[in-house]
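Heads up, coords_4.cif below (mmCIF, C-alpha atoms):
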data_target
loop_
_atom_site.label_atom_id
_atom_site.label_comp_id
_atom_site.auth_asym_id
_atom_site.auth_seq_id
_atom_site.Cartn_x
_atom_site.Cartn_y
_atom_site.Cartn_z
CA MET A 214 0.00 0.00 0.00
CA SER A 215 1.31 3.43 -0.93
CA LYS A 216 1.91 5.77 1.96
CA GLN A 217 0.04 8.39 -0.06
CA GLU A 218 -3.24 6.50 0.17
CA PRO A 219 -5.80 8.12 2.48
CA ALA A 220 -6.00 6.80 6.04
CA VAL A 221 -9.76 6.41 5.56
CA LEU A 222 -11.48 5.60 2.28
CA LEU A 223 -15.03 6.69 1.50
CA ARG A 224 -17.00 5.51 -1.48
CA GLN A 225 -20.64 5.26 -2.45
CA GLU A 226 -22.39 2.33 -4.11
CA GLY A 227 -25.91 3.41 -4.98
CA ALA A 228 -27.60 4.55 -1.78
CA VAL A 229 -24.97 2.87 0.44
CA ALA A 230 -21.81 4.64 1.60
CA ILE A 231 -18.78 2.59 2.65
CA LEU A 232 -16.26 4.04 5.10
CA GLN A 233 -13.09 1.97 5.31
CA LEU A 234 -10.23 2.31 7.79
CA ASN A 235 -7.14 2.08 5.61
CA ARG A 236 -4.00 1.61 7.66
CA PRO A 237 -3.73 -2.21 7.71
CA ASP A 238 0.04 -2.05 8.28
CA ASN A 239 -0.72 -0.39 11.64
CA ARG A 240 -3.81 -2.54 12.34
CA ASN A 241 -6.03 0.50 11.72
CA SER A 242 -5.07 1.81 15.14
CA MET A 243 -6.10 5.20 16.52
CA THR A 244 -3.34 7.46 15.25
CA PRO A 245 -4.08 11.19 14.89
CA GLU A 246 -3.93 10.77 11.11
CA LEU A 247 -6.59 8.07 11.06
CA LEU A 248 -8.80 9.78 13.65
CA ASP A 249 -8.77 13.10 11.77
CA ALA A 250 -9.53 11.35 8.50
CA PHE A 251 -12.36 9.41 10.15
CA ALA A 252 -13.93 12.58 11.54
CA GLN A 253 -13.81 14.20 8.09
CA ALA A 254 -15.30 11.09 6.46
CA VAL A 255 -18.22 11.16 8.90
CA ARG A 256 -18.82 14.83 8.05
CA ASP A 257 -18.69 13.97 4.35
CA VAL A 258 -21.21 11.14 4.77
CA ARG A 259 -23.64 13.41 6.61
CA ALA A 260 -23.44 15.87 3.71
CA LEU A 261 -24.36 13.27 1.06
CA PRO A 262 -28.07 13.76 0.29
CA ASP A 263 -28.76 10.39 -1.33
CA VAL A 264 -27.12 8.02 1.17
CA ARG A 265 -29.59 5.76 2.99
CA CYS A 266 -27.18 3.48 4.85
CA LEU A 267 -23.53 3.58 5.93
CA VAL A 268 -21.20 0.58 6.24
CA VAL A 269 -18.03 0.91 8.33
CA THR A 270 -15.27 -1.62 7.73
CA GLY A 271 -11.49 -1.97 7.74
CA SER A 272 -8.60 -3.03 5.54
CA GLY A 273 -6.50 -6.09 6.33
CA PRO A 274 -6.83 -8.66 9.11
CA CYS A 275 -7.82 -6.09 11.79
CA PHE A 276 -10.93 -3.94 11.91
CA SER A 277 -9.12 -1.78 14.48
CA ALA A 278 -6.63 -2.57 17.25
CA GLY A 279 -7.59 0.56 19.19
CA ALA A 280 -4.92 2.80 20.71
CA ASP A 281 -1.48 2.93 19.11
CA PHE A 282 0.62 2.12 22.18
CA ARG A 283 3.83 1.66 20.22
CA SER A 284 4.02 5.29 19.25
CA GLN A 285 2.33 6.56 22.43
CA ILE A 286 0.87 9.39 20.34
CA GLN A 287 -1.65 11.55 22.17
CA ARG A 288 -4.02 13.88 20.36
CA ASP A 289 -3.88 17.66 20.69
CA GLY A 290 -0.75 17.97 22.74
CA ALA A 291 0.26 18.30 26.38
CA HIS A 292 -1.60 21.59 26.92
CA LEU A 293 -4.75 19.55 27.54
CA SER A 294 -5.50 17.74 30.77
CA SER A 295 -5.55 13.96 30.66
CA PRO A 296 -9.37 13.76 30.58
CA GLU A 297 -9.44 16.22 27.70
CA ARG A 298 -6.84 14.24 25.77
CA SER A 299 -8.84 11.07 26.27
CA ALA A 300 -12.08 12.73 25.19
CA ALA A 301 -10.41 14.28 22.14
CA MET A 302 -8.98 10.93 21.06
CA TYR A 303 -12.36 9.19 21.17
CA GLU A 304 -14.48 12.02 19.71
CA PRO A 305 -13.94 11.15 16.02
CA PHE A 306 -15.23 7.61 16.57
CA LEU A 307 -18.06 8.91 18.78
CA SER A 308 -19.12 11.23 15.96
CA LEU A 309 -20.44 8.17 14.17
CA GLY A 310 -23.45 8.55 16.45
CA ASP A 311 -24.34 11.77 14.61
CA VAL A 312 -25.09 9.90 11.38
CA GLU A 313 -28.86 9.88 10.90
CA VAL A 314 -29.07 6.88 8.57
CA PRO A 315 -28.51 3.30 9.81
CA VAL A 316 -24.83 2.45 10.36
CA LEU A 317 -23.68 -1.14 9.90
CA GLY A 318 -20.35 -2.50 11.10
CA ALA A 319 -18.59 -4.97 8.80
CA LEU A 320 -15.97 -6.24 11.24
CA GLN A 321 -13.81 -8.25 8.86
CA GLY A 322 -11.14 -8.80 11.51
CA HIS A 323 -10.09 -8.23 15.10
CA ALA A 324 -11.60 -5.28 17.00
CA VAL A 325 -10.01 -4.60 20.39
CA GLY A 326 -10.11 -1.75 22.91
CA GLY A 327 -11.02 1.50 21.19
CA GLY A 328 -11.57 -0.44 17.96
CA PHE A 329 -14.17 -2.54 19.75
CA GLY A 330 -15.66 0.70 21.06
CA LEU A 331 -15.94 1.99 17.50
CA SER A 332 -17.85 -1.15 16.53
CA LEU A 333 -20.33 -0.51 19.34
CA MET A 334 -21.12 2.90 17.82
CA THR A 335 -22.69 1.15 14.82
CA ASP A 336 -26.34 0.11 14.91
CA MET A 337 -25.72 -3.49 13.81
CA ARG A 338 -22.62 -5.59 13.39
CA ILE A 339 -21.66 -8.56 11.21
CA VAL A 340 -18.33 -10.10 12.17
CA ALA A 341 -15.70 -12.65 11.22
CA GLN A 342 -16.46 -15.86 13.08
CA ASP A 343 -12.82 -16.60 14.00
CA ALA A 344 -11.64 -13.05 14.73
CA LYS A 345 -11.14 -11.74 18.26
CA TYR A 346 -13.15 -8.95 19.85
CA GLY A 347 -13.32 -7.29 23.25
CA ALA A 348 -12.41 -4.55 25.68
CA ASN A 349 -9.00 -5.49 27.11
CA PHE A 350 -8.53 -2.32 29.21
CA ALA A 351 -8.31 -4.13 32.58
CA ARG A 352 -5.39 -6.16 31.23
CA LEU A 353 -3.60 -2.89 30.51
CA GLY A 354 -4.28 -1.32 33.90
CA LEU A 355 -6.68 1.18 32.34
CA HIS A 356 -10.31 2.17 32.75
CA ALA A 357 -12.41 1.59 29.64
CA GLY A 358 -13.05 4.55 27.36
CA MET A 359 -15.27 5.63 24.47
CA ALA A 360 -18.48 4.90 26.41
CA ILE A 361 -17.85 1.15 26.37
CA SER A 362 -18.85 0.79 30.04
CA TYR A 363 -22.10 2.58 29.13
CA ILE A 364 -22.97 0.73 25.91
CA LEU A 365 -21.89 -2.80 26.78
CA PRO A 366 -24.34 -3.49 29.66
CA ARG A 367 -27.16 -2.10 27.52
CA LEU A 368 -26.40 -4.73 24.89
CA THR A 369 -25.44 -7.78 26.95
CA GLY A 370 -26.96 -7.08 30.38
CA VAL A 371 -24.99 -6.13 33.48
CA PRO A 372 -23.52 -9.52 34.53
CA ARG A 373 -22.09 -10.26 31.07
CA ALA A 374 -20.76 -6.74 30.73
CA CYS A 375 -19.08 -7.00 34.12
CA GLU A 376 -17.47 -10.28 33.17
CA LEU A 377 -16.14 -8.93 29.87
CA LEU A 378 -14.86 -5.66 31.34
CA PHE A 379 -13.41 -7.01 34.59
CA THR A 380 -11.55 -9.88 32.88
CA GLY A 381 -10.65 -7.97 29.73
CA ARG A 382 -10.81 -11.24 27.85
CA LEU A 383 -11.23 -11.45 24.10
CA PHE A 384 -13.90 -13.59 22.47
CA SER A 385 -14.67 -14.95 19.02
CA GLY A 386 -17.14 -13.51 16.59
CA GLN A 387 -19.48 -16.44 17.16
CA GLU A 388 -19.44 -15.93 20.94
CA GLY A 389 -20.22 -12.27 20.35
CA VAL A 390 -23.34 -13.34 18.47
CA ASP A 391 -24.33 -15.54 21.41
CA LEU A 392 -23.80 -12.57 23.76
CA GLY A 393 -26.15 -10.41 21.70
CA LEU A 394 -23.41 -8.04 20.51
CA PHE A 395 -23.38 -9.06 16.86
CA LEU A 396 -26.05 -10.00 14.33
CA ARG A 397 -24.16 -12.93 12.87
CA ALA A 398 -20.67 -14.33 12.36
CA VAL A 399 -19.47 -15.51 8.96
CA PRO A 400 -16.12 -16.34 7.33
CA ALA A 401 -13.93 -13.24 7.11
CA ASP A 402 -14.20 -12.94 3.33
CA GLN A 403 -18.00 -12.93 3.57
CA VAL A 404 -18.31 -10.16 6.18
CA LEU A 405 -18.42 -7.21 3.79
CA PRO A 406 -20.65 -8.90 1.16
CA GLU A 407 -23.13 -9.97 3.88
CA THR A 408 -23.14 -6.51 5.39
CA LEU A 409 -23.65 -4.84 2.01
CA LYS A 410 -26.55 -7.18 1.31
CA LEU A 411 -28.21 -6.06 4.55
CA ALA A 412 -27.41 -2.40 3.81
CA GLU A 413 -29.06 -2.68 0.40
CA GLN A 414 -32.19 -4.20 1.96
CA ILE A 415 -32.40 -1.24 4.35
CA ALA A 416 -31.69 1.27 1.57
CA GLN A 417 -34.66 -0.03 -0.42
CA ASN A 418 -37.07 1.08 2.30
CA ALA A 419 -38.60 4.52 2.83
CA PRO A 420 -35.63 6.64 3.99
CA ILE A 421 -37.56 9.15 6.09
CA ALA A 422 -39.32 6.38 8.00
CA VAL A 423 -36.06 4.51 8.60
CA ARG A 424 -34.20 7.59 9.85
CA LEU A 425 -37.04 8.51 12.18
CA MET A 426 -37.26 4.95 13.54
CA LYS A 427 -33.54 5.02 14.30
CA LYS A 428 -34.02 8.32 16.12
CA SER A 429 -37.01 6.95 18.06
CA ILE A 430 -35.10 3.83 19.15
CA TYR A 431 -32.23 5.81 20.65
CA GLN A 432 -34.42 8.52 22.16
CA GLY A 433 -36.46 5.78 23.84
CA LEU A 434 -33.30 4.35 25.34
CA GLY A 435 -32.14 7.74 26.61
CA TRP A 436 -29.00 7.11 24.56
CA ASP A 437 -26.14 9.47 25.46
CA PRO A 438 -22.73 7.89 24.82
CA ARG A 439 -20.93 11.23 24.58
CA THR A 440 -21.76 12.16 28.16
CA ALA A 441 -20.78 8.66 29.26
CA ALA A 442 -17.50 8.91 27.36
CA TRP A 443 -16.71 12.21 29.10
CA ARG A 444 -17.31 10.62 32.51
CA GLU A 445 -15.10 7.71 31.49
CA ALA A 446 -12.38 10.12 30.39
CA PHE A 447 -11.85 11.21 34.01
CA ALA A 448 -11.74 7.62 35.22
CA GLN A 449 -9.37 6.64 32.42
CA ALA A 450 -7.13 9.62 33.19
CA ALA A 451 -6.94 8.47 36.82
CA THR A 452 -5.50 5.15 35.65
CA VAL A 453 -3.17 6.33 32.87
CA ASP A 454 -0.35 7.46 35.18
CA THR A 455 -0.47 4.49 37.53
CA ASP A 456 2.34 1.97 37.74
CA ASP A 457 -0.16 -0.71 36.75
CA ALA A 458 -0.92 1.07 33.47
CA LYS A 459 2.78 1.39 32.67
CA GLU A 460 3.22 -2.30 33.45
CA GLY A 461 0.20 -3.25 31.36
CA VAL A 462 1.40 -1.42 28.26
CA MET A 463 4.97 -2.70 28.60
CA ALA A 464 3.68 -6.25 29.01
CA LEU A 465 1.48 -5.86 25.93
CA LEU A 466 4.39 -4.66 23.82
CA ALA A 467 6.65 -7.40 25.17
CA LYS A 468 3.90 -10.01 24.66
CA ARG A 469 4.08 -11.21 28.26
CA THR A 470 1.62 -11.51 31.14
CA PRO A 471 1.48 -8.30 33.22
CA VAL A 472 2.08 -8.33 36.98
CA PHE A 473 -0.08 -5.72 38.71
CA HIS A 474 0.47 -4.36 42.23
CA GLY A 475 -2.43 -1.97 42.61
CA LYS A 476 -0.26 1.15 42.43
#
In C-alpha cells, write the structure found in this file.
Amino acid sequence: MSKQEPAVLLRQEGAVAILQLNRPDNRNSMTPELLDAFAQAVRDVRALPDVRCLVVTGSGPCFSAGADFRSQIQRDGAHLSSPERSAAMYEPFLSLGDVEVPVLGALQGHAVGGGFGLSLMTDMRIVAQDAKYGANFARLGLHAGMAISYILPRLTGVPRACELLFTGRLFSGQEGVDLGLFLRAVPADQVLPETLKLAEQIAQNAPIAVRLMKKSIYQGLGWDPRTAAWREAFAQAATVDTDDAKEGVMALLAKRTPVFHGK
C-alpha cells in the first residue's frame, strides 16, 4: 500500500456509503492521522443527500486494534489535561453517532479496545467468526473509554458486561453473536458482502421512515454515549499514570503476562 493513500477511504455504491479504515500495516489503530480522516469522512457522509445506509469496515486482518501504544501518540498535545486528551482521542469515533441513517459495522477482523468501542457505535454488526473482539482495558491497567462501560451493559446485560470488562478477555465472533453483541458471524471474506446485502435491503425502504425509527429507538433508550465517554475520560485519566498502566502497556508490547500491584 502506498503511503500516499488516504487513512480512511469513502466511497458510495448506490444509496450505500462505505467508510473503510485504511492503515492495515498499523492494524487500523487510533493514530491522529486516522482519527482526523475518520472525523472528516463522517462529516462527508452526513453531507451526502442520497445516502440511505452507511457501512463501516477496515482493511486487512484487523478492523481496528484501538490505541497505538507503540508510538504513544496523544491527540492535541500536552496543553490539555488527561481527561481532555482522552475525550479528544475518542471524539472522532463517537461522531459516528451523529449519522442519521442506519450504520452497519462490517468487522472483517479483530476489534479490540477502542476499535471494539468503534464497533459498538454502529447500529448493527456482522463479524468474522474466527476473529477476536473485546475490551481489554483491565489487562492494561486502564479504565475503559469511548463509552464502552455505558454501551456494553445495555447490549449484553450487566452480569455479562461486568465479566467482559473485569476480565478484559477477548472472544470470538461467534461468541459475540451468542452474547447479543453481533447479528451474525461468517467467514472473514464474507463479512463485507453480507453486510452490504443487509445495507441494500435497508436502503430499499422509505428513507424518512427509517431515519425517524432510528431516532425513536435511541431517544427511547435515553442514549447518550458522549456524556458517558466524558465521565469515562476522568476515570481513564486516573489510571493512565499508575504503575499498573505502565506495566500493562509494557507487558502488551513485550507479549508477556502483566504483573499488577495496585499502584
Practice task
Measuring atom to atom with only C-alpha atoms, identify which of A:Ala360, A:Met302, A:Val268, A:Met334 is nearest to Gln233 (chain A).
Solution key: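 Among A:Ala360, A:Met302, A:Val268, A:Met334, it is A:Val268 that comes nearest to Gln233 (chain A).
Take CA of Val221 (chain A) and CA of Arg236 (chain A): the distance between them is 7.8 Å.
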Problem - Nearest to Asp281 (chain A), chosen from A:Asp263, A:Glu376, A:Glu304, A:Glu246, with all atoms listed in the file counted in the distances - result: A:Glu246
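The two atoms in question, CA of Gly370 (chain A) and CA of Gly358 (chain A), are spaced 18.4 Å apart.
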Problem - Exercise: Val316 (chain A) partners within 8 Å, all atoms listed in the file, chain neighbours under 4 positions left out, as an NGL selection string - result: :A and (266-269 or 312 or 335-337)
Practice task
Give as a PyMOL selection string the residues that the PyMOL selection byres ((chain A and resi 243-245) around 7) matches when applied to the coordinates above.
Solution key: chain A and resi 241-242+246-249+279-281+286+288
Exercise for the section: List the neighbours of Gly328 (chain A) out to 10 Å using all atoms listed in the file; skip same-chain residues closer than 2 positions along the sequence, and give me the result as number ranges by chain. Expected result: A: 240-243, 275-280, 306, 320, 323-326, 330-333, 346-348, 359
Which residues are close to Phe350 (chain A), i.e. within 9 Å by all atoms listed in the file, leaving aside same-chain residues fewer than 2 positions away? Reply as a CSV table (one decimal) with C-alpha atoms, keeping the file's coordinate frame.
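Output (result_39.csv):
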chain,number,residue,atom,x,y,z
A,326,GLY,CA,-10.1,-1.8,22.9
A,348,ALA,CA,-12.4,-4.6,25.7
A,352,ARG,CA,-5.4,-6.2,31.2
A,353,LEU,CA,-3.6,-2.9,30.5
A,354,GLY,CA,-4.3,-1.3,33.9
A,355,LEU,CA,-6.7,1.2,32.3
A,356,HIS,CA,-10.3,2.2,32.8
A,357,ALA,CA,-12.4,1.6,29.6
A,358,GLY,CA,-13.0,4.6,27.4
A,378,LEU,CA,-14.9,-5.7,31.3
A,379,PHE,CA,-13.4,-7.0,34.6
A,380,THR,CA,-11.6,-9.9,32.9
A,381,GLY,CA,-10.6,-8.0,29.7
Completion exercise
Of A:Pro262, A:Val390, A:Val423, A:Arg298, the one nearest to Val453 (chain A) when counting all atoms listed in the file is A:Arg298
Once the PyMOL selection byres ((chain A and resi 447) around 9) has been applied to the shown file, what residues remain in the selection, as a PDB file with C-alpha atoms, keeping the file's coordinate frame?
ATOM      1  CA  SER A 295      -5.550  13.960  30.660  1.00  0.00           C
ATOM      2  CA  PRO A 296      -9.370  13.760  30.580  1.00  0.00           C
ATOM      3  CA  GLU A 297      -9.440  16.220  27.700  1.00  0.00           C
ATOM      4  CA  SER A 299      -8.840  11.070  26.270  1.00  0.00           C
ATOM      5  CA  ALA A 300     -12.080  12.730  25.190  1.00  0.00           C
ATOM      6  CA  TRP A 443     -16.710  12.210  29.100  1.00  0.00           C
ATOM      7  CA  ARG A 444     -17.310  10.620  32.510  1.00  0.00           C
ATOM      8  CA  GLU A 445     -15.100   7.710  31.490  1.00  0.00           C
ATOM      9  CA  ALA A 446     -12.380  10.120  30.390  1.00  0.00           C
ATOM     10  CA  ALA A 448     -11.740   7.620  35.220  1.00  0.00           C
ATOM     11  CA  GLN A 449      -9.370   6.640  32.420  1.00  0.00           C
ATOM     12  CA  ALA A 450      -7.130   9.620  33.190  1.00  0.00           C
ATOM     13  CA  ALA A 451      -6.940   8.470  36.820  1.00  0.00           C
ATOM     14  CA  THR A 452      -5.500   5.150  35.650  1.00  0.00           C
TER      15      THR A 452
END
